[in-house]
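K.L.:
Below is input-v9.tsv; it holds TSV, C-alpha atoms.
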chain	number	residue	atom	x	y	z
E	1	MET	CA	-43.16	32.31	16.09
E	2	ALA	CA	-44.80	29.95	18.60
E	3	GLU	CA	-42.04	27.38	18.02
E	4	MET	CA	-39.40	30.07	18.62
E	5	ASN	CA	-41.08	31.10	21.88
E	6	ARG	CA	-41.13	27.47	23.07
E	7	THR	CA	-37.41	27.15	22.27
E	8	GLN	CA	-36.60	30.34	24.14
E	9	ASN	CA	-38.66	29.16	27.13
E	10	THR	CA	-36.81	25.83	27.12
E	11	HIS	CA	-33.45	27.59	27.10
E	12	ALA	CA	-34.59	29.93	29.85
E	13	ASN	CA	-35.75	27.02	32.02
E	14	LEU	CA	-32.41	25.26	31.41
E	15	ILE	CA	-30.50	28.38	32.53
E	16	ASP	CA	-32.68	28.67	35.64
E	17	ASP	CA	-31.93	25.05	36.51
E	18	VAL	CA	-28.20	25.66	36.19
E	19	VAL	CA	-28.40	28.77	38.38
E	20	ALA	CA	-30.42	26.85	40.95
E	21	GLY	CA	-27.74	24.13	41.08
E	22	ALA	CA	-29.78	21.43	39.40
E	23	THR	CA	-27.92	18.53	37.78
E	24	LEU	CA	-28.07	18.51	34.00
E	25	PRO	CA	-28.92	15.23	32.26
E	26	VAL	CA	-25.86	13.39	30.95
E	27	ALA	CA	-26.04	11.54	27.66
E	28	ASP	CA	-25.75	7.80	27.87
E	29	GLN	CA	-22.51	6.45	26.46
E	30	ASP	CA	-24.48	4.21	24.12
E	31	ASP	CA	-25.92	7.34	22.46
E	32	TRP	CA	-22.50	8.75	21.52
E	33	SER	CA	-21.58	8.53	17.86
E	34	ILE	CA	-17.80	8.72	18.42
E	35	VAL	CA	-15.81	7.69	21.48
E	36	ILE	CA	-12.15	8.81	21.54
E	37	SER	CA	-10.16	7.02	24.20
E	38	SER	CA	-6.56	6.00	24.74
E	39	ARG	CA	-7.65	2.94	26.69
E	40	ARG	CA	-8.46	0.17	24.25
E	41	SER	CA	-7.69	-3.49	24.08
E	42	LEU	CA	-4.72	-4.59	22.01
E	43	LEU	CA	-6.93	-6.17	19.36
E	44	ASP	CA	-9.36	-3.25	19.11
E	45	LEU	CA	-8.23	-2.00	15.69
E	46	GLN	CA	-11.42	0.01	14.98
E	47	LEU	CA	-11.53	-1.15	11.36
E	48	ARG	CA	-15.25	-0.39	11.18
E	49	SER	CA	-14.48	3.33	11.34
E	50	LEU	CA	-12.69	3.11	7.99
E	51	TRP	CA	-16.02	2.59	6.25
E	52	GLU	CA	-17.52	5.54	8.11
E	53	TYR	CA	-14.67	7.72	6.83
E	54	ARG	CA	-14.76	6.40	3.26
E	55	ASP	CA	-15.44	9.91	1.94
E	56	LEU	CA	-12.24	11.14	3.55
E	57	ILE	CA	-10.32	8.26	1.98
E	58	ALA	CA	-11.71	9.21	-1.44
E	59	VAL	CA	-10.65	12.83	-0.93
E	60	LEU	CA	-7.13	11.79	0.10
E	61	VAL	CA	-6.80	9.48	-2.91
E	62	ARG	CA	-7.87	12.25	-5.27
E	63	ARG	CA	-5.53	14.74	-3.57
E	64	ASP	CA	-2.50	12.48	-3.87
E	65	PHE	CA	-3.27	11.44	-7.43
E	66	VAL	CA	-3.81	14.99	-8.69
E	67	ALA	CA	-1.04	16.69	-6.72
E	68	PHE	CA	1.67	14.07	-7.27
E	69	TYR	CA	2.79	15.45	-10.63
E	70	LYS	CA	1.17	18.87	-10.37
E	71	GLN	CA	3.05	21.71	-12.06
E	72	THR	CA	5.14	19.28	-14.10
E	73	VAL	CA	5.53	19.53	-17.86
E	74	LEU	CA	4.70	15.91	-18.68
E	75	GLY	CA	2.25	15.36	-15.84
E	76	PRO	CA	0.70	11.85	-15.69
E	77	LEU	CA	3.01	10.68	-18.48
E	78	TRP	CA	5.60	10.11	-15.77
E	79	TYR	CA	3.53	7.12	-14.70
E	80	VAL	CA	4.53	5.56	-18.04
E	81	ILE	CA	7.98	7.06	-18.56
E	82	GLN	CA	9.42	5.90	-15.25
E	83	PRO	CA	8.89	2.12	-15.65
E	84	LEU	CA	9.86	2.21	-19.33
E	85	SER	CA	13.12	4.02	-18.65
E	86	VAL	CA	14.03	1.61	-15.84
E	87	THR	CA	13.17	-1.34	-18.08
E	88	ILE	CA	15.44	-0.07	-20.85
E	89	VAL	CA	18.33	0.31	-18.38
E	90	PHE	CA	17.75	-3.19	-17.00
E	91	THR	CA	17.61	-4.65	-20.51
E	92	VAL	CA	20.91	-3.06	-21.50
E	93	VAL	CA	22.76	-3.79	-18.25
E	94	PHE	CA	21.47	-7.20	-17.18
E	95	ASN	CA	20.76	-8.76	-20.58
E	96	ARG	CA	23.27	-7.20	-22.98
E	97	ILE	CA	26.19	-6.61	-20.58
E	98	VAL	CA	25.78	-9.14	-17.75
E	99	ASN	CA	24.10	-11.61	-20.16
E	100	ILE	CA	21.35	-12.80	-17.79
E	101	GLN	CA	19.02	-15.16	-19.63
E	102	THR	CA	15.27	-14.73	-19.40
E	103	ASP	CA	13.99	-18.28	-20.05
E	104	GLY	CA	13.32	-17.61	-23.71
E	105	LEU	CA	11.14	-14.55	-23.07
E	106	PRO	CA	11.82	-11.20	-24.73
E	107	PRO	CA	14.15	-9.41	-22.28
E	108	PHE	CA	12.22	-6.16	-22.51
E	109	LEU	CA	8.92	-7.82	-21.48
E	110	PHE	CA	10.66	-9.89	-18.81
E	111	PHE	CA	12.10	-6.83	-17.08
E	112	LEU	CA	9.02	-4.66	-17.70
E	113	SER	CA	6.74	-7.14	-15.95
E	114	GLY	CA	9.02	-7.29	-12.92
E	115	VAL	CA	9.49	-3.51	-12.77
E	116	THR	CA	5.73	-2.88	-13.01
E	117	LEU	CA	4.96	-5.15	-10.09
E	118	TRP	CA	7.89	-3.98	-7.99
E	119	ASN	CA	7.04	-0.30	-8.51
E	120	TYR	CA	3.64	-1.01	-7.01
E	121	LEU	CA	5.13	-2.56	-3.89
E	122	SER	CA	7.94	-0.04	-3.38
E	123	SER	CA	5.66	2.95	-3.94
E	124	CYS	CA	3.22	1.75	-1.27
E	125	ILE	CA	5.95	0.99	1.27
E	126	SER	CA	8.02	4.14	0.76
E	127	ARG	CA	4.99	6.44	0.99
E	128	THR	CA	3.37	4.74	3.99
E	129	SER	CA	6.58	4.33	5.98
E	130	ASP	CA	6.53	7.98	7.12
E	131	VAL	CA	2.81	8.52	7.66
E	132	PHE	CA	3.13	9.91	11.19
E	133	SER	CA	5.97	12.33	10.45
E	134	SER	CA	4.65	13.62	7.11
E	135	ASN	CA	1.11	14.13	8.46
E	136	ALA	CA	1.99	15.40	11.94
E	137	GLY	CA	0.40	18.79	11.22
E	138	ILE	CA	-2.96	17.20	10.38
E	139	PHE	CA	-2.87	14.55	13.09
E	140	GLY	CA	-2.27	17.21	15.75
E	141	LYS	CA	-5.31	19.30	14.80
E	142	VAL	CA	-8.27	17.05	14.05
E	143	TYR	CA	-9.38	13.53	14.91
E	144	PHE	CA	-9.97	10.88	12.28
E	145	PRO	CA	-8.85	7.24	12.05
E	146	ARG	CA	-5.12	7.42	11.31
E	147	LEU	CA	-5.33	4.28	9.20
E	148	THR	CA	-7.26	6.19	6.54
E	149	VAL	CA	-4.03	7.84	5.36
E	150	PRO	CA	-2.04	4.66	4.56
E	151	ILE	CA	-5.19	3.09	3.10
E	152	SER	CA	-5.59	6.04	0.74
E	153	ILE	CA	-1.92	5.78	-0.26
E	154	VAL	CA	-2.31	2.11	-1.14
E	155	ILE	CA	-5.47	2.79	-3.16
E	156	GLY	CA	-3.74	5.62	-5.03
E	157	SER	CA	-0.76	3.35	-5.79
E	158	SER	CA	-3.21	0.72	-7.04
E	159	ILE	CA	-4.51	3.20	-9.60
E	160	THR	CA	-0.96	3.85	-10.75
E	161	PHE	CA	-0.35	0.10	-10.96
E	162	GLY	CA	-3.46	-0.24	-13.13
E	163	ILE	CA	-2.13	2.37	-15.55
E	164	GLN	CA	1.30	0.75	-15.76
E	165	LEU	CA	-0.26	-2.70	-16.12
E	166	ALA	CA	-2.28	-1.46	-19.09
E	167	VAL	CA	0.92	-0.16	-20.70
E	168	THR	CA	2.63	-3.50	-20.06
E	169	LEU	CA	-0.25	-5.41	-21.68
E	170	CYS	CA	-0.05	-3.13	-24.71
E	171	PHE	CA	3.61	-4.07	-25.15
E	172	VAL	CA	2.69	-7.76	-24.70
E	173	VAL	CA	0.18	-7.48	-27.56
E	174	PHE	CA	2.78	-5.68	-29.69
E	175	PHE	CA	5.35	-8.46	-29.17
E	176	ILE	CA	2.73	-11.15	-29.88
E	177	LEU	CA	1.87	-9.49	-33.17
E	178	ARG	CA	5.59	-9.54	-34.02
E	179	GLY	CA	5.67	-13.30	-33.48
E	180	SER	CA	7.45	-13.46	-30.13
E	181	ALA	CA	7.12	-16.56	-27.94
E	182	VAL	CA	4.72	-14.94	-25.48
E	183	HIS	CA	1.56	-16.79	-24.48
E	184	PRO	CA	-0.64	-15.20	-21.77
E	185	SER	CA	-2.37	-17.84	-19.67
E	186	PHE	CA	-5.53	-18.29	-17.63
E	187	TRP	CA	-3.61	-16.88	-14.65
E	188	LEU	CA	-4.63	-13.46	-15.98
E	189	ALA	CA	-7.81	-13.86	-13.93
E	190	ALA	CA	-5.66	-13.92	-10.78
E	191	ILE	CA	-4.10	-10.48	-11.35
E	192	PRO	CA	-6.71	-8.65	-9.18
E	193	LEU	CA	-5.92	-11.09	-6.36
E	194	LEU	CA	-2.20	-10.50	-6.86
E	195	ALA	CA	-2.77	-6.74	-6.65
E	196	LEU	CA	-4.75	-7.22	-3.41
E	197	TYR	CA	-2.00	-9.44	-2.03
E	198	VAL	CA	0.75	-6.92	-2.81
E	199	ALA	CA	-1.40	-4.16	-1.29
E	200	ALA	CA	-1.79	-6.16	1.94
E	201	LEU	CA	1.94	-6.91	2.10
E	202	ALA	CA	2.94	-3.31	1.38
E	203	LEU	CA	0.39	-1.93	3.85
E	204	GLY	CA	1.61	-4.25	6.60
E	205	ILE	CA	5.27	-3.38	6.07
E	206	GLY	CA	4.56	0.33	5.59
E	207	ILE	CA	2.51	0.85	8.75
E	208	LEU	CA	4.94	-1.31	10.68
E	209	LEU	CA	7.83	0.92	9.60
E	210	SER	CA	5.84	4.12	10.20
E	211	SER	CA	5.13	2.99	13.76
E	212	LEU	CA	8.78	2.20	14.44
E	213	THR	CA	10.13	5.40	12.87
E	214	THR	CA	8.27	7.53	15.43
E	215	ARG	CA	10.89	6.38	17.94
E	216	PHE	CA	13.75	5.22	15.71
E	217	ARG	CA	14.24	7.85	13.02
E	218	ASP	CA	17.20	5.96	11.54
E	219	LEU	CA	14.77	3.52	9.94
E	220	SER	CA	13.51	6.22	7.58
E	221	PHE	CA	16.97	6.35	5.96
E	222	LEU	CA	17.08	2.58	5.53
E	223	VAL	CA	13.76	2.20	3.70
E	224	GLY	CA	15.07	3.02	0.23
E	225	PHE	CA	18.24	0.99	0.73
E	226	GLY	CA	16.28	-1.96	2.09
E	227	LEU	CA	13.87	-1.89	-0.86
E	228	GLN	CA	16.78	-2.03	-3.31
E	229	LEU	CA	18.28	-5.03	-1.54
E	230	TRP	CA	14.89	-6.73	-1.45
E	231	MET	CA	14.44	-6.18	-5.19
E	232	TYR	CA	17.70	-7.94	-6.00
E	233	ALA	CA	16.71	-10.74	-3.63
E	234	SER	CA	13.51	-11.20	-5.66
E	235	PRO	CA	13.25	-12.66	-9.19
E	236	ILE	CA	12.84	-9.24	-10.78
E	237	VAL	CA	16.00	-9.08	-12.93
E	238	TYR	CA	16.59	-12.82	-13.14
E	239	PRO	CA	14.35	-15.89	-13.56
E	240	LEU	CA	13.65	-18.19	-10.63
E	241	SER	CA	15.13	-21.10	-12.58
E	242	SER	CA	18.60	-19.49	-12.36
E	243	VAL	CA	18.66	-19.47	-8.54
E	244	PRO	CA	21.14	-22.06	-7.14
E	245	GLN	CA	19.72	-24.88	-5.06
E	246	SER	CA	21.76	-23.74	-2.06
E	247	LEU	CA	19.91	-20.41	-2.02
E	248	ASP	CA	16.45	-21.84	-2.55
E	249	TRP	CA	15.54	-21.36	1.13
E	250	ILE	CA	16.04	-17.60	0.77
E	251	VAL	CA	13.69	-17.55	-2.19
E	252	LYS	CA	11.05	-19.47	-0.24
E	253	LEU	CA	11.12	-16.94	2.61
E	254	ASN	CA	10.65	-14.03	0.20
E	255	PRO	CA	6.90	-13.30	0.08
E	256	MET	CA	7.27	-11.58	-3.30
E	257	THR	CA	8.74	-14.60	-5.10
E	258	PRO	CA	5.48	-16.44	-5.92
E	259	VAL	CA	3.75	-13.17	-6.75
E	260	VAL	CA	6.33	-12.25	-9.40
E	261	GLU	CA	6.29	-15.76	-10.87
E	262	ILE	CA	2.48	-15.90	-11.05
E	263	PHE	CA	2.40	-12.42	-12.59
E	264	ARG	CA	4.85	-13.45	-15.32
E	265	LYS	CA	2.97	-16.70	-15.81
E	266	ALA	CA	-0.22	-14.71	-16.32
E	267	ILE	CA	0.92	-12.13	-18.87
E	268	LEU	CA	3.91	-13.87	-20.49
E	269	GLY	CA	3.09	-17.55	-20.11
E	270	SER	CA	6.36	-18.46	-18.38
E	271	GLY	CA	6.93	-18.77	-14.64
E	272	THR	CA	7.42	-21.25	-11.82
E	273	VAL	CA	4.37	-21.56	-9.59
E	274	ARG	CA	4.87	-23.78	-6.52
E	275	GLY	CA	2.00	-24.37	-4.13
E	276	ASP	CA	4.11	-24.59	-0.97
E	277	ASP	CA	5.76	-21.25	-1.76
E	278	VAL	CA	2.33	-19.63	-2.22
E	279	VAL	CA	1.05	-20.94	1.14
E	280	LEU	CA	4.20	-19.89	2.99
E	281	SER	CA	4.17	-16.46	1.38
E	282	LEU	CA	0.51	-15.94	2.26
E	283	GLY	CA	1.18	-16.87	5.88
E	284	ILE	CA	4.12	-14.45	6.14
E	285	THR	CA	2.07	-11.64	4.61
E	286	MET	CA	-0.89	-12.14	6.96
E	287	ALA	CA	1.44	-12.18	9.95
E	288	ILE	CA	3.13	-8.95	8.85
E	289	LEU	CA	-0.20	-7.24	8.21
E	290	PHE	CA	-1.65	-8.31	11.56
E	291	LEU	CA	1.45	-7.19	13.46
E	292	GLY	CA	1.50	-3.90	11.55
E	293	LEU	CA	-2.15	-3.16	12.34
E	294	ILE	CA	-1.66	-3.81	16.05
E	295	LEU	CA	1.48	-1.70	16.32
E	296	PHE	CA	0.02	1.10	14.18
E	297	SER	CA	-3.14	1.23	16.30
E	298	ARG	CA	-1.08	1.39	19.48
E	299	THR	CA	1.33	4.02	18.12
E	300	SER	CA	-1.46	6.27	16.82
E	301	ARG	CA	-2.62	6.92	20.42
E	302	THR	CA	0.67	8.55	21.44
E	303	SER	CA	2.28	9.45	18.10
E	304	MET	CA	2.00	13.22	18.68
E	305	ASP	CA	4.13	12.87	21.80
E	306	THR	CA	7.04	11.32	19.92
E	307	VAL	CA	6.91	12.77	16.38
Show me the file's structure as structure tokens.
P.N.:
Amino acid sequence: MAEMNRTQNTHANLIDDVVAGATLPVADQDDWSIVISSRRSLLDLQLRSLWEYRDLIAVLVRRDFVAFYKQTVLGPLWYVIQPLSVTIVFTVVFNRIVNIQTDGLPPFLFFLSGVTLWNYLSSCISRTSDVFSSNAGIFGKVYFPRLTVPISIVIGSSITFGIQLAVTLCFVVFFILRGSAVHPSFWLAAIPLLALYVAALALGIGILLSSLTTRFRDLSFLVGFGLQLWMYASPIVYPLSSVPQSLDWIVKLNPMTPVVEIFRKAILGSGTVRGDDVVLSLGITMAILFLGLILFSRTSRTSMDTV
């Protein structure tokens, strides 16, 4: 009761000061926990705030993972059915009809490995490329770091990739037991790094596209078409050894080329790993990610005015 009386007296004294025209104390800026401002330097990406909002990222990941196939008959089985069905089509069309050779590897495993890795990349890019437009209702109501949404999408796609990778490895074991010429190598230890690399590349491209589509809506219609062209420009349905020497420069500029080859080298034991291609691909990916982060941070300040 005494504590309540002291609180009431404090409030009463504060009201008297306001009525008397006294100046209220203003909190020092250093004491503020969150500062929201449109005036920031170009390199102020506020990446530290992502850790502070890690609980929100976890909630978004769980929401996307649970709701993606909600109210479907097969549910999470679609994570397995989709890559297997695409692999069967690729095996029939590109191996049986077009007669594309797979460097002595079982065609089914050759195409399945490429499809598994490409699904990871395309899922991240397609879902992050419209972050501002698809989340305009949330962004316009409450403040939180906008980068948490694409980060959660990439993490959710990584879980899907883990499931599909496990299915792929099960088929690899099955073919080994049948006596196929498949020999997984020590590059298996590099798969987590490959997944992190693909996540960085997809995040950079996705947030770059999402920033541009706030002003140029035509880009949203080109994402799917561009991903299909990029897939055929990557060694997904053909081995790198079949690429003509005259087109080798295109392969070198493709940041996914060394990733696909290392991935096949890891789980199938066959692939072309060139050090200069890895270094060039890493440089291109870091540049894309850095440019995407800068443009995304700048766009997030005024996105509600253009979406």
K.L.:
What does the structure give for the distance between atom CA of Val86 of chain E and atom CA of Phe171 of chain E, in Å to one decimal?
P.N.:
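Interatomic distance here is 15.1 Å.
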K.L.:
Env of Leu193 of chain E: 12 Å cut, atoms = all atoms listed in the file, seq-sep filter 6 positions within chain, self excluded. Answer as a count of residues only.
P.N.:
7
K.L.:
Return the single residue from E:Val260, E:Ile176, E:Leu247, E:Ile205 that is closest to Thr116 of chain E, with distances computed using only C-alpha atoms.
P.N.:
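Nearest to Thr116 of chain E: E:Val260.
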K.L.:
If we count only C-alpha atoms, what is near Ile57 of chain E at a cut-off of 9 Å, once residues fewer than 6 positions away on the same chain are taken out, given as a ChimeraX atom specification?
P.N.:
/E:50,148-149,151-152,155
K.L.:
Set out as a tab-separated table a contact list for segment 269-305 of chain E and segment 233-240 of chain E with a cut-off of 12 Å, giving each residue of segment 269-305 of chain E that qualifies its closest atom pair and distance in Å to one decimal, counting all atoms listed in the file, ordered by chain and rising residue number.
P.N.:
residue	atom	partner	partner_atom	distance
E:Ser270	CA	E:Pro239	CA	9.7
E:Gly271	CA	E:Leu240	CA	7.8
E:Thr272	CA	E:Leu240	CA	7.0
E:Val273	CA	E:Leu240	CA	9.9
E:Arg274	CA	E:Leu240	CA	11.2
